[in-house]
Amino acid sequence: MLATHPICVILALLGSAALQDVERGTVVWNFKDDALGSIPRGFHEEVGKWCVAEADGHKVLAQKGESPDKVFNVVLATKYNPVNVDLSVKLQAVAGKLDQGGGLIWRAKDKDNYYLARYNPLEDNFRVYKVERGKRTMFKNADIPHTPGWHSLRVTMRGNHIECFYDGKKHLECDDATFPDGGMIGLWSKADAQSYFSDLQLKSSP
């Protein structure tokens, strides 16, 4: 029955903040039905100041906080805990003197334990990390010169194998077994990095 499909259960919990494609096992958050200034339904603000905002004529999820250096701003989608993921988002760096840009979180236990792939325009690099008990450890780095505007980030993880893509091109690949179980997905920025995120999409498989 359709009502028992896990994606349908997720959609019911999230409300109209997400769109679904049952056959492909895909959930997309476009935030169009969430109120400006609010936290999207199904998301929990852990650190920072996250809210729905408007950019380029459509709604986005914005990180507007100006946290101190070394603080990780985190928002988590709390209703879904996949093991294997194909996760993507569109990102636009808006401001930040200490840091800029942001990234994707997956297999998160909480705000201090997760995998992370992030792009930093100030440093012109794309990196994949684990964050364990609040401490960040880098696995791989790719130097990518920044260009203005929107860019796409995508990560896939099956078992222990991670692949990370920037604007459709694979730049990072590694293996790690720190977080073998399913966990939440989310979005991330650091310190005073103010950023817009759009069209967050999750594909999952057994």
# chains A, B, ... in the order shown; residues from 1 in each chain; ligands from 1
>>> closest_atom_pairs(of="region 49-146 of chain A", to="region 25-42 of chain A", cutoff="6 Å", atoms="only C-alpha atoms", output="JSON lines")
{"residue": "A:Cys51", "atom": "CA", "partner": "A:Ile39", "partner_atom": "CA", "distance": 4.9}
{"residue": "A:Val52", "atom": "CA", "partner": "A:Leu36", "partner_atom": "CA", "distance": 4.9}
{"residue": "A:Ala53", "atom": "CA", "partner": "A:Leu36", "partner_atom": "CA", "distance": 5.4}
{"residue": "A:Lys59", "atom": "CA", "partner": "A:Lys32", "partner_atom": "CA", "distance": 5.6}
{"residue": "A:Ala77", "atom": "CA", "partner": "A:Gly42", "partner_atom": "CA", "distance": 5.7}
>>> write_last_selection(atoms="N, CA and C atoms", output="CSV table (one decimal), in the first residue's frame")
chain,number,residue,atom,x,y,z
A,51,CYS,N,16.8,29.9,8.8
A,51,CYS,CA,15.4,30.3,8.5
A,51,CYS,C,15.1,30.3,7.0
A,52,VAL,N,13.9,30.2,6.6
A,52,VAL,CA,13.5,30.4,5.2
A,52,VAL,C,13.6,31.8,4.8
A,53,ALA,N,14.2,32.0,3.7
A,53,ALA,CA,14.4,33.4,3.1
A,53,ALA,C,14.1,33.4,1.6
A,59,LYS,N,12.1,30.6,-2.6
A,59,LYS,CA,12.5,30.4,-1.2
A,59,LYS,C,13.7,29.5,-1.1
A,77,ALA,N,17.6,17.6,9.3
A,77,ALA,CA,16.3,17.1,9.0
A,77,ALA,C,16.1,15.8,9.8
>>> residues_around(residues="Ser198 (chain A)", least_positions_apart="6", cutoff="7 Å", atoms="only C-alpha atoms", output="list in words")
Asn30, Val60, Leu61, Val89, Lys90 and Leu91 of chain A
>>> residues_around(residues="Trp150 (chain A)", least_positions_apart="2", cutoff="9 Å", atoms="only C-alpha atoms", output="list of chain:residue names")
A:Lys90, A:Leu91, A:Gln92, A:Ala93, A:Thr147, A:Pro148, A:Ser152, A:Tyr196
>>> closest_atom_pairs(of="region 49-122 of chain A", to="region 143-146 of chain A", cutoff="12 Å", atoms="only C-alpha atoms", output="tab-separated table")
residue	atom	partner	partner_atom	distance
A:Gln92	CA	A:His146	CA	11.0
A:Ala93	CA	A:His146	CA	10.1
A:Gln100	CA	A:His146	CA	11.1
A:Gly101	CA	A:His146	CA	10.3
A:Arg118	CA	A:Ile144	CA	11.8
A:Tyr119	CA	A:Ile144	CA	8.8
A:Asn120	CA	A:His146	CA	8.4
A:Pro121	CA	A:His146	CA	5.4
A:Leu122	CA	A:His146	CA	8.0
>>> write_last_selection(atoms="C-alpha atoms", output="mmCIF file, in the first residue's frame")
data_model
loop_
_atom_site.group_PDB
_atom_site.id
_atom_site.type_symbol
_atom_site.label_atom_id
_atom_site.label_comp_id
_atom_site.auth_asym_id
_atom_site.auth_seq_id
_atom_site.Cartn_x
_atom_site.Cartn_y
_atom_site.Cartn_z
ATOM 1 C CA GLN A 92 25.277 30.267 -2.728
ATOM 2 C CA ALA A 93 27.789 32.011 -0.469
ATOM 3 C CA GLN A 100 32.089 31.423 3.764
ATOM 4 C CA GLY A 101 30.138 28.748 1.956
ATOM 5 C CA ARG A 118 31.789 21.464 2.356
ATOM 6 C CA TYR A 119 32.989 24.169 -0.043
ATOM 7 C CA ASN A 120 34.748 27.341 1.183
ATOM 8 C CA PRO A 121 35.024 30.216 -1.352
ATOM 9 C CA LEU A 122 37.522 32.101 0.828
#
>>> closest_residue(among="A:Ile162, A:Ala55, A:Val47, A:Val155", to="Phe179 (chain A)", atoms="only C-alpha atoms")
A:Ile162
>>> closest_atom_pairs(of="region 60-80 of chain A", to="region 102-111 of chain A", cutoff="12 Å", atoms="only C-alpha atoms", output="CSV")
residue,atom,partner,partner_atom,distance
A:Ala62,CA,A:Gly102,CA,10.7
A:Gln63,CA,A:Gly102,CA,9.3
A:Val71,CA,A:Lys111,CA,11.2
A:Phe72,CA,A:Lys111,CA,8.6
A:Asn73,CA,A:Lys111,CA,8.8
A:Val74,CA,A:Lys111,CA,6.4
A:Val75,CA,A:Lys111,CA,8.1
A:Leu76,CA,A:Lys111,CA,8.0
A:Ala77,CA,A:Ala108,CA,9.8
A:Thr78,CA,A:Ala108,CA,9.6
A:Lys79,CA,A:Ala108,CA,11.9
A:Tyr80,CA,A:Arg107,CA,10.0
>>> write_last_selection(atoms="all heavy atoms", output="compact mmCIF listing (two decimals), in the first residue's frame")
# COMPACT_ATOMS: atom_id res chain seq x y z
N ALA A 62 18.27 29.65 4.66
CA ALA A 62 19.43 30.53 4.85
C ALA A 62 20.03 30.33 6.23
O ALA A 62 19.31 30.10 7.21
CB ALA A 62 19.01 31.99 4.69
N GLN A 63 21.36 30.43 6.28
CA GLN A 63 22.06 30.51 7.56
C GLN A 63 22.49 31.96 7.71
O GLN A 63 23.32 32.46 6.97
CB GLN A 63 23.28 29.59 7.58
CG GLN A 63 23.78 29.25 9.00
CD GLN A 63 24.23 30.41 9.86
OE1 GLN A 63 23.58 30.75 10.86
NE2 GLN A 63 25.31 31.06 9.47
N VAL A 71 33.05 27.71 15.39
CA VAL A 71 31.70 27.21 15.67
C VAL A 71 31.10 26.65 14.39
O VAL A 71 31.17 27.27 13.33
CB VAL A 71 30.80 28.32 16.24
CG1 VAL A 71 29.35 27.84 16.33
CG2 VAL A 71 31.30 28.74 17.61
N PHE A 72 30.50 25.46 14.47
CA PHE A 72 29.85 24.84 13.34
C PHE A 72 28.34 25.10 13.43
O PHE A 72 27.69 24.67 14.38
CB PHE A 72 30.11 23.33 13.31
CG PHE A 72 31.57 22.96 13.24
CD1 PHE A 72 32.01 21.75 13.76
CD2 PHE A 72 32.50 23.81 12.67
CE1 PHE A 72 33.36 21.40 13.69
CE2 PHE A 72 33.85 23.47 12.60
CZ PHE A 72 34.27 22.27 13.11
N ASN A 73 27.80 25.79 12.43
CA ASN A 73 26.36 26.04 12.36
C ASN A 73 25.69 24.83 11.71
O ASN A 73 26.04 24.45 10.59
CB ASN A 73 26.09 27.30 11.54
CG ASN A 73 26.83 28.50 12.08
OD1 ASN A 73 26.67 28.87 13.24
ND2 ASN A 73 27.65 29.12 11.25
N VAL A 74 24.71 24.25 12.38
CA VAL A 74 24.12 22.99 11.94
C VAL A 74 22.61 23.04 12.00
O VAL A 74 22.03 23.49 13.00
CB VAL A 74 24.62 21.82 12.82
CG1 VAL A 74 23.88 20.52 12.49
CG2 VAL A 74 26.13 21.62 12.66
N VAL A 75 21.95 22.58 10.93
CA VAL A 75 20.51 22.33 10.94
C VAL A 75 20.30 20.91 10.42
O VAL A 75 20.96 20.49 9.46
CB VAL A 75 19.74 23.36 10.09
CG1 VAL A 75 20.08 23.27 8.62
CG2 VAL A 75 18.24 23.24 10.30
N LEU A 76 19.42 20.15 11.08
CA LEU A 76 19.22 18.74 10.74
C LEU A 76 17.78 18.46 10.35
O LEU A 76 16.85 19.00 10.97
CB LEU A 76 19.59 17.85 11.93
CG LEU A 76 21.05 17.88 12.38
CD1 LEU A 76 21.22 17.06 13.66
CD2 LEU A 76 21.98 17.36 11.28
N ALA A 77 17.60 17.62 9.33
CA ALA A 77 16.28 17.08 8.99
C ALA A 77 16.10 15.83 9.85
O ALA A 77 16.83 14.85 9.70
CB ALA A 77 16.21 16.75 7.51
N THR A 78 15.15 15.86 10.75
CA THR A 78 15.10 14.90 11.84
C THR A 78 14.28 13.65 11.58
O THR A 78 14.29 12.73 12.40
CB THR A 78 14.55 15.58 13.10
OG1 THR A 78 13.24 16.09 12.82
CG2 THR A 78 15.45 16.74 13.53
N LYS A 79 13.56 13.58 10.48
CA LYS A 79 12.59 12.50 10.30
C LYS A 79 13.06 11.34 9.45
O LYS A 79 12.31 10.41 9.20
CB LYS A 79 11.30 13.07 9.68
CG LYS A 79 10.67 14.21 10.46
CD LYS A 79 10.25 13.80 11.86
CE LYS A 79 9.58 14.95 12.59
NZ LYS A 79 9.19 14.57 13.97
N TYR A 80 14.30 11.39 8.99
CA TYR A 80 14.77 10.35 8.09
C TYR A 80 16.20 10.00 8.46
O TYR A 80 17.01 10.90 8.70
CB TYR A 80 14.67 10.86 6.65
CG TYR A 80 14.77 9.80 5.59
CD1 TYR A 80 14.24 8.52 5.78
CD2 TYR A 80 15.38 10.09 4.37
CE1 TYR A 80 14.32 7.56 4.79
CE2 TYR A 80 15.46 9.14 3.38
CZ TYR A 80 14.93 7.88 3.59
OH TYR A 80 15.02 6.93 2.60
>>> select_by_dssp(residues="region 29-149 of chain A", states="strand (DSSP E or B)", output="PyMOL selection string")
chain A and resi 29+43-47+50-55+58-63+72-77+84-95+102-110+113-120+125-132+135-143
>>> closest_residue(among="A:Met138, A:Ala193, A:Met157, A:Leu202", to="Asp181 (chain A)", atoms="only C-alpha atoms")
A:Met157
>>> atom_distance(atom1="CA of Phe43 (chain A)", atom2="CA of Asp99 (chain A)")
23.6 Å
>>> atom_distance(atom1="CA of Thr156 (chain A)", atom2="CA of Gly183 (chain A)")
13.9 Å
>>> atom_distance(atom1="CA of Asp167 (chain A)", atom2="CA of Val128 (chain A)")
15.4 Å
